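One structure is given below, encoded as structure tokens.
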Amino acid sequence: MKLRYKILNVILIVVAVGVVSLAFSLSHDSPCGAAPSLPANAKLMKAIVYRCYGSPDVLRFEDVEKPTPADDQLLVKVHAASVNPLDWHYMRGTPYLVRTDSGFGKPTDPRLGVDFAGTVEAVGKNVKRFKPGDEVFGGRDGAFAEYVAVREERAVVLKPGNVTFEQAASVPIAGITALQALRDKGQIHPGQKVLINGASGGVGTFAVQIAKSFGADVTGVCSTRNVDLVRSIGADHVIDYTREDFTSGTQHYDLILDNVGTHSLLEYKRVLNPKGIYVMIGSTTIGNWFAFLATPIEAQILSPFVSQKFGMILAELNQKDLAVLADLMQAGKLTPVIDRRYKLSEVPAAIGYLEQGHARGKVVISVE
């Protein structure tokens, strides 16, 4: 019996040491490294890079090697990109779990940005659907740069002719998040009453328009200064949260898309119909460790005991859904809302502005 307890104690000590070591590895910040030497004959381009975690001050506007497309890739000259919360989470390396993907101590890939729109400059020999001169948009790591190389079968599609490069670049992450949250997780269908909490932000402005394209009756929740904006993009009803708490009202909803996490799940439950669905996109409570998991865990605990469904969405960039969004833009049912424009060299300021949490629609980067 004593031997068994000794073995158990050893196991507990090993586990504890492992947890402490992992926690230290995740939270440890390595110092910023110097820019690596580039080959003498390298073709160069400008890009935003970061070689350590931290505030926008760690971002650098530097010369890096221009990518060469592989056989299954297209090389895109980037005309515009856009900023997402994902970018500043990776920049800061928080929550720390982000570092299991981006790298312990410092980023393994110094390039930043995902959303892009531009013109195809060259294609690999196996590329069939694109040709030089095509105008495209999509998602690819390292989009804050003059060029990106992206695989033909990944998240890249032709840009509709009736939208600008800046508008197209604002779509990928935010647009696909809104689409998948409403259609896949929220199971939206015509005639439903849908509430978008945080309707004036990046995902919210897309969600309002996408929900309308599905034939839903849409209520948008935003601050006073954004009421007219949310109404202008098609919301049937707009609630100013500084004057009215929708969770205390008498109106009930079939679907709530929550971009900001300003209420408890029990408060949302109060205004959901018996078979209603709640989908969480974001939260104002992030933290460095596990605070962002509080609502998803609460949803898992609550769901078995109620008739409503509670969940969250982790969007997946893919070509099929980008094409759906392109079709909606081509048909005039989806018009990206752009708040501010910055130059490529001004990405640190753009991310700093987005972090403040007051952007109306999207913040875009001009790479012209």
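Chain labels follow the order of the structure tokens: the first chain is A, the next B, and so on; residue numbering restarts at 1 in every chain, and ligands are counted from 1 in their shown order.
By chain and then residue number, the residues within 9 Å of A:Ala207 are Ala174, Gly175, Thr177, Ala178, Leu179, Ala181, Leu182, Ile196, Ala199, Gly202, Lys212 and Leu257 of chain A, counting only C-alpha atoms and disregarding those fewer than 5 positions away in sequence.
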According to DSSP computed on the backbone, where in stretch 206-245 of chain A is there strand (DSSP E)? Give the residues as a count of residues only. 10
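Among the candidates A:Ser37, A:Ser213, A:Thr119, A:Thr108, the one nearest to A:Lys77 when counting only C-alpha atoms is A:Thr119.
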Among stretch 67-266 of chain A, which ones does DSSP place in alpha helix (DSSP H), written as a tab-separated table (two decimals) with N, CA, C and O atoms, in the first residue's frame?
```tsv
chain	number	residue	atom	x	y	z
A	85	PRO	N	-9.26	40.66	-35.39
A	85	PRO	CA	-8.78	40.35	-34.03
A	85	PRO	C	-7.77	39.22	-34.00
A	85	PRO	O	-6.85	39.22	-33.17
A	86	LEU	N	-7.89	38.28	-34.93
A	86	LEU	CA	-6.93	37.18	-35.02
A	86	LEU	C	-5.50	37.71	-35.12
A	86	LEU	O	-4.57	37.15	-34.54
A	87	ASP	N	-5.32	38.82	-35.85
A	87	ASP	CA	-3.98	39.36	-36.06
A	87	ASP	C	-3.37	39.86	-34.76
A	87	ASP	O	-2.19	39.61	-34.49
A	88	TRP	N	-4.15	40.57	-33.95
A	88	TRP	CA	-3.54	41.07	-32.73
A	88	TRP	C	-3.42	39.97	-31.67
A	88	TRP	O	-2.55	40.05	-30.79
A	89	HIS	N	-4.25	38.94	-31.74
A	89	HIS	CA	-4.04	37.80	-30.83
A	89	HIS	C	-2.70	37.12	-31.14
A	89	HIS	O	-1.95	36.76	-30.23
A	90	TYR	N	-2.41	36.94	-32.42
A	90	TYR	CA	-1.13	36.34	-32.80
A	90	TYR	C	0.03	37.28	-32.50
A	90	TYR	O	1.10	36.84	-32.07
A	91	MET	N	-0.16	38.56	-32.72
A	91	MET	CA	0.89	39.54	-32.44
A	91	MET	C	1.27	39.53	-30.96
A	91	MET	O	2.46	39.54	-30.61
A	92	ARG	N	0.28	39.48	-30.10
A	92	ARG	CA	0.53	39.49	-28.66
A	92	ARG	C	0.78	38.09	-28.10
A	92	ARG	O	1.28	37.95	-26.98
A	99	ARG	N	-0.16	30.24	-28.80
A	99	ARG	CA	1.25	29.95	-29.05
A	99	ARG	C	1.50	28.47	-29.38
A	99	ARG	O	2.58	28.15	-29.87
A	100	THR	N	0.53	27.61	-29.12
A	100	THR	CA	0.70	26.23	-29.56
A	100	THR	C	0.69	26.15	-31.07
A	100	THR	O	1.17	25.18	-31.66
A	101	ASP	N	0.15	27.19	-31.71
A	101	ASP	CA	0.16	27.26	-33.17
A	101	ASP	C	1.22	28.23	-33.68
A	101	ASP	O	1.94	27.93	-34.64
A	102	SER	N	1.34	29.38	-33.03
A	102	SER	CA	2.24	30.42	-33.54
A	102	SER	C	3.68	30.25	-33.09
A	102	SER	O	4.59	30.78	-33.73
A	165	PHE	N	-10.97	46.37	-54.47
A	165	PHE	CA	-10.02	45.48	-53.80
A	165	PHE	C	-10.13	45.62	-52.29
A	165	PHE	O	-10.04	44.63	-51.55
A	166	GLU	N	-10.31	46.85	-51.81
A	166	GLU	CA	-10.43	47.06	-50.37
A	166	GLU	C	-11.66	46.35	-49.81
A	166	GLU	O	-11.61	45.73	-48.75
A	167	GLN	N	-12.78	46.45	-50.52
A	167	GLN	CA	-13.99	45.77	-50.05
A	167	GLN	C	-13.79	44.26	-50.05
A	167	GLN	O	-14.16	43.58	-49.09
A	168	ALA	N	-13.22	43.73	-51.12
A	168	ALA	CA	-13.01	42.29	-51.20
A	168	ALA	C	-12.06	41.81	-50.11
A	168	ALA	O	-12.28	40.74	-49.49
A	169	ALA	N	-11.02	42.58	-49.82
A	169	ALA	CA	-10.04	42.18	-48.81
A	169	ALA	C	-10.65	42.17	-47.41
A	169	ALA	O	-10.12	41.49	-46.51
A	172	PRO	N	-12.82	37.91	-46.15
A	172	PRO	CA	-12.59	36.50	-45.83
A	172	PRO	C	-12.88	36.04	-44.40
A	172	PRO	O	-13.82	35.26	-44.18
A	173	ILE	N	-12.12	36.47	-43.41
A	173	ILE	CA	-12.33	35.94	-42.07
A	173	ILE	C	-13.67	36.37	-41.49
A	173	ILE	O	-14.46	35.54	-41.00
A	174	ALA	N	-13.97	37.66	-41.52
A	174	ALA	CA	-15.21	38.15	-40.92
A	174	ALA	C	-16.44	37.63	-41.66
A	174	ALA	O	-17.43	37.22	-41.04
A	175	GLY	N	-16.40	37.66	-42.99
A	175	GLY	CA	-17.54	37.21	-43.77
A	175	GLY	C	-17.82	35.73	-43.60
A	175	GLY	O	-18.97	35.30	-43.43
A	176	ILE	N	-16.77	34.91	-43.65
A	176	ILE	CA	-16.95	33.47	-43.49
A	176	ILE	C	-17.40	33.13	-42.07
A	176	ILE	O	-18.23	32.24	-41.86
A	177	THR	N	-16.89	33.86	-41.07
A	177	THR	CA	-17.33	33.63	-39.70
A	177	THR	C	-18.83	33.89	-39.58
A	177	THR	O	-19.57	33.08	-38.99
A	178	ALA	N	-19.30	35.00	-40.14
A	178	ALA	CA	-20.72	35.32	-40.08
A	178	ALA	C	-21.55	34.28	-40.82
A	178	ALA	O	-22.59	33.82	-40.33
A	179	LEU	N	-21.10	33.89	-42.00
A	179	LEU	CA	-21.84	32.91	-42.81
A	179	LEU	C	-21.95	31.57	-42.11
A	179	LEU	O	-23.05	31.00	-41.99
A	180	GLN	N	-20.83	31.05	-41.63
A	180	GLN	CA	-20.86	29.73	-41.00
A	180	GLN	C	-21.60	29.75	-39.67
A	180	GLN	O	-22.26	28.77	-39.30
A	202	GLY	N	-16.91	44.15	-37.38
A	202	GLY	CA	-16.52	43.45	-38.60
A	202	GLY	C	-17.43	42.29	-38.92
A	202	GLY	O	-18.03	42.24	-40.01
A	203	VAL	N	-17.57	41.34	-38.02
A	203	VAL	CA	-18.46	40.20	-38.25
A	203	VAL	C	-19.91	40.65	-38.25
A	203	VAL	O	-20.71	40.19	-39.06
A	204	GLY	N	-20.26	41.57	-37.36
A	204	GLY	CA	-21.65	42.00	-37.22
A	204	GLY	C	-22.23	42.61	-38.48
A	204	GLY	O	-23.37	42.31	-38.85
A	205	THR	N	-21.47	43.48	-39.17
A	205	THR	CA	-22.01	44.11	-40.38
A	205	THR	C	-22.22	43.09	-41.50
A	205	THR	O	-23.15	43.23	-42.30
A	206	PHE	N	-21.38	42.06	-41.53
A	206	PHE	CA	-21.62	40.98	-42.50
A	206	PHE	C	-22.82	40.15	-42.08
A	206	PHE	O	-23.65	39.74	-42.90
A	207	ALA	N	-22.93	39.86	-40.78
A	207	ALA	CA	-24.00	39.01	-40.28
A	207	ALA	C	-25.38	39.60	-40.54
A	207	ALA	O	-26.31	38.87	-40.92
A	208	VAL	N	-25.52	40.91	-40.35
A	208	VAL	CA	-26.81	41.55	-40.60
A	208	VAL	C	-27.24	41.32	-42.05
A	208	VAL	O	-28.37	40.91	-42.34
A	209	GLN	N	-26.31	41.55	-42.98
A	209	GLN	CA	-26.65	41.44	-44.40
A	209	GLN	C	-26.86	39.99	-44.83
A	209	GLN	O	-27.75	39.69	-45.63
A	210	ILE	N	-26.04	39.09	-44.31
A	210	ILE	CA	-26.19	37.67	-44.67
A	210	ILE	C	-27.50	37.12	-44.12
A	210	ILE	O	-28.21	36.38	-44.82
A	211	ALA	N	-27.86	37.50	-42.89
A	211	ALA	CA	-29.13	37.05	-42.32
A	211	ALA	C	-30.30	37.55	-43.15
A	211	ALA	O	-31.28	36.81	-43.38
A	212	LYS	N	-30.22	38.78	-43.63
A	212	LYS	CA	-31.28	39.30	-44.49
A	212	LYS	C	-31.35	38.53	-45.80
A	212	LYS	O	-32.43	38.29	-46.33
A	213	SER	N	-30.19	38.12	-46.33
A	213	SER	CA	-30.19	37.37	-47.59
A	213	SER	C	-30.86	36.01	-47.43
A	213	SER	O	-31.34	35.44	-48.41
A	227	VAL	N	-26.34	53.36	-34.78
A	227	VAL	CA	-27.72	52.97	-35.08
A	227	VAL	C	-28.04	53.18	-36.56
A	227	VAL	O	-28.60	52.30	-37.23
A	228	ASP	N	-27.72	54.35	-37.10
A	228	ASP	CA	-28.03	54.63	-38.50
A	228	ASP	C	-27.27	53.70	-39.44
A	228	ASP	O	-27.81	53.26	-40.46
A	229	LEU	N	-26.02	53.39	-39.10
A	229	LEU	CA	-25.24	52.48	-39.93
A	229	LEU	C	-25.90	51.11	-39.99
A	229	LEU	O	-26.07	50.54	-41.08
A	230	VAL	N	-26.25	50.56	-38.85
A	230	VAL	CA	-26.84	49.21	-38.81
A	230	VAL	C	-28.18	49.19	-39.54
A	230	VAL	O	-28.50	48.23	-40.24
A	231	ARG	N	-28.93	50.25	-39.41
A	231	ARG	CA	-30.20	50.32	-40.14
A	231	ARG	C	-29.95	50.40	-41.65
A	231	ARG	O	-30.68	49.80	-42.45
A	232	SER	N	-28.90	51.12	-42.05
A	232	SER	CA	-28.62	51.32	-43.47
A	232	SER	C	-28.20	50.03	-44.18
A	232	SER	O	-28.33	49.92	-45.40
A	265	LEU	N	-25.32	33.66	-20.20
A	265	LEU	CA	-26.14	32.75	-21.01
A	265	LEU	C	-27.56	32.68	-20.48
A	265	LEU	O	-28.51	32.51	-21.27
A	266	LEU	N	-27.75	32.80	-19.19
A	266	LEU	CA	-29.11	32.77	-18.63
A	266	LEU	C	-29.91	33.98	-19.09
A	266	LEU	O	-31.13	33.89	-19.31
```
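If only C-alpha atoms are the atoms counted, then among A:Ala349, A:Cys222, A:Val156, A:Val150 the closest residue to A:Asn318 is A:Val156.
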So which residues touch A:Asp57 within 12 Å, counting only C-alpha atoms, skipping near sequence neighbours fewer than 6 positions away, as a ChimeraX atom specification? /A:32,48-51,88,91-92,346-352
Go ahead and write the residues just picked, all heavy atoms, as a compact mmCIF listing (two decimals), in the first residue's frame.
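For reference, again-v4.txt as written:
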```txt
# COMPACT_ATOMS: atom_id res chain seq x y z
N CYS A 32 13.07 40.09 -28.96
CA CYS A 32 12.98 40.24 -30.42
C CYS A 32 14.35 39.97 -31.05
O CYS A 32 15.37 40.49 -30.59
CB CYS A 32 12.53 41.65 -30.78
SG CYS A 32 10.79 41.96 -30.48
N ILE A 48 5.06 43.36 -43.39
CA ILE A 48 5.02 43.56 -41.95
C ILE A 48 5.46 42.26 -41.29
O ILE A 48 4.93 41.19 -41.60
CB ILE A 48 3.61 43.95 -41.48
CG1 ILE A 48 3.22 45.32 -42.02
CG2 ILE A 48 3.52 43.92 -39.96
CD1 ILE A 48 4.03 46.47 -41.43
N VAL A 49 6.42 42.34 -40.40
CA VAL A 49 6.91 41.16 -39.70
C VAL A 49 6.95 41.42 -38.19
O VAL A 49 7.00 42.58 -37.75
CB VAL A 49 8.31 40.74 -40.19
CG1 VAL A 49 8.28 40.38 -41.66
CG2 VAL A 49 9.33 41.84 -39.94
N TYR A 50 6.95 40.35 -37.42
CA TYR A 50 7.15 40.45 -35.96
C TYR A 50 7.98 39.26 -35.51
O TYR A 50 7.72 38.13 -35.87
CB TYR A 50 5.80 40.52 -35.23
CG TYR A 50 4.96 39.27 -35.19
CD1 TYR A 50 4.45 38.79 -33.99
CD2 TYR A 50 4.63 38.56 -36.36
CE1 TYR A 50 3.65 37.65 -33.94
CE2 TYR A 50 3.83 37.44 -36.33
CZ TYR A 50 3.36 36.98 -35.10
OH TYR A 50 2.57 35.84 -35.06
N ARG A 51 9.01 39.54 -34.74
CA ARG A 51 9.94 38.49 -34.31
C ARG A 51 9.90 38.26 -32.80
O ARG A 51 10.75 37.61 -32.24
CB ARG A 51 11.36 38.82 -34.77
CG ARG A 51 11.46 38.83 -36.30
CD ARG A 51 12.89 38.95 -36.78
NE ARG A 51 12.92 38.85 -38.24
CZ ARG A 51 12.72 39.87 -39.07
NH1 ARG A 51 12.50 41.07 -38.57
NH2 ARG A 51 12.74 39.70 -40.37
N TRP A 88 -4.15 40.57 -33.95
CA TRP A 88 -3.54 41.07 -32.73
C TRP A 88 -3.42 39.97 -31.67
O TRP A 88 -2.55 40.05 -30.79
CB TRP A 88 -4.21 42.33 -32.20
CG TRP A 88 -5.65 42.35 -31.88
CD1 TRP A 88 -6.66 42.84 -32.67
CD2 TRP A 88 -6.28 41.96 -30.65
NE1 TRP A 88 -7.87 42.74 -32.02
CE2 TRP A 88 -7.66 42.22 -30.78
CE3 TRP A 88 -5.81 41.42 -29.46
CZ2 TRP A 88 -8.58 41.94 -29.77
CZ3 TRP A 88 -6.71 41.13 -28.44
CH2 TRP A 88 -8.08 41.40 -28.60
N MET A 91 -0.16 38.56 -32.72
CA MET A 91 0.89 39.54 -32.44
C MET A 91 1.27 39.53 -30.96
O MET A 91 2.46 39.54 -30.61
CB MET A 91 0.40 40.93 -32.85
CG MET A 91 1.35 42.07 -32.52
SD MET A 91 0.53 43.68 -32.75
CE MET A 91 -0.58 43.70 -31.32
N ARG A 92 0.28 39.48 -30.10
CA ARG A 92 0.53 39.49 -28.66
C ARG A 92 0.78 38.09 -28.10
O ARG A 92 1.28 37.95 -26.98
CB ARG A 92 -0.65 40.14 -27.93
CG ARG A 92 -0.78 41.65 -28.20
CD ARG A 92 -1.84 42.28 -27.34
NE ARG A 92 -1.94 43.72 -27.57
CZ ARG A 92 -1.18 44.63 -26.94
NH1 ARG A 92 -0.29 44.24 -26.05
NH2 ARG A 92 -1.34 45.92 -27.20
N GLU A 346 1.58 51.33 -42.12
CA GLU A 346 0.83 51.79 -40.95
C GLU A 346 0.04 50.68 -40.27
O GLU A 346 -0.83 50.95 -39.44
CB GLU A 346 -0.13 52.92 -41.36
CG GLU A 346 0.55 54.15 -41.89
CD GLU A 346 -0.40 55.18 -42.48
OE1 GLU A 346 -1.49 54.78 -42.98
OE2 GLU A 346 -0.08 56.37 -42.43
N VAL A 347 0.36 49.42 -40.58
CA VAL A 347 -0.33 48.30 -39.95
C VAL A 347 -0.30 48.37 -38.42
O VAL A 347 -1.31 48.08 -37.75
CB VAL A 347 0.23 46.95 -40.44
CG1 VAL A 347 -0.21 45.80 -39.55
CG2 VAL A 347 -0.25 46.68 -41.88
N PRO A 348 0.84 48.77 -37.78
CA PRO A 348 0.82 48.88 -36.32
C PRO A 348 -0.29 49.80 -35.81
O PRO A 348 -0.97 49.48 -34.83
CB PRO A 348 2.21 49.44 -36.00
CG PRO A 348 3.08 48.95 -37.12
CD PRO A 348 2.19 49.00 -38.33
N ALA A 349 -0.48 50.93 -36.48
CA ALA A 349 -1.54 51.86 -36.07
C ALA A 349 -2.92 51.25 -36.31
O ALA A 349 -3.85 51.43 -35.52
CB ALA A 349 -1.40 53.19 -36.81
N ALA A 350 -3.06 50.51 -37.41
CA ALA A 350 -4.35 49.89 -37.74
C ALA A 350 -4.73 48.85 -36.70
O ALA A 350 -5.88 48.79 -36.26
CB ALA A 350 -4.26 49.25 -39.13
N ILE A 351 -3.76 48.02 -36.31
CA ILE A 351 -4.05 47.00 -35.29
C ILE A 351 -4.32 47.66 -33.94
O ILE A 351 -5.22 47.24 -33.20
CB ILE A 351 -2.88 46.00 -35.19
CG1 ILE A 351 -2.80 45.17 -36.48
CG2 ILE A 351 -3.04 45.10 -33.98
CD1 ILE A 351 -1.70 44.13 -36.49
N GLY A 352 -3.59 48.71 -33.63
CA GLY A 352 -3.83 49.44 -32.40
C GLY A 352 -5.24 50.00 -32.35
O GLY A 352 -5.90 49.96 -31.30
```
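Of the listed residues (A:Leu38, A:Val127, A:Ile365, A:Leu97), A:Val127 comes nearest to A:Leu74; the distances count only C-alpha atoms.
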Contacts between stretch 40-45 of chain A and stretch 106-151 of chain A, please, where a residue of stretch 106-151 of chain A counts if it comes within 10 Å (with only C-alpha atoms); show its shortest atom pair and distance in Å to one decimal, rows by chain and ascending number, as a tab-separated table.
```
residue	atom	partner	partner_atom	distance
A:Ala145	CA	A:Met45	CA	7.4
A:Glu146	CA	A:Met45	CA	6.1
A:Tyr147	CA	A:Met45	CA	7.4
```
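Considering only C-alpha atoms, the residue among A:Leu344, A:Ala34, A:Val260, A:Val324 positioned nearest to A:Gly113 is A:Leu344.
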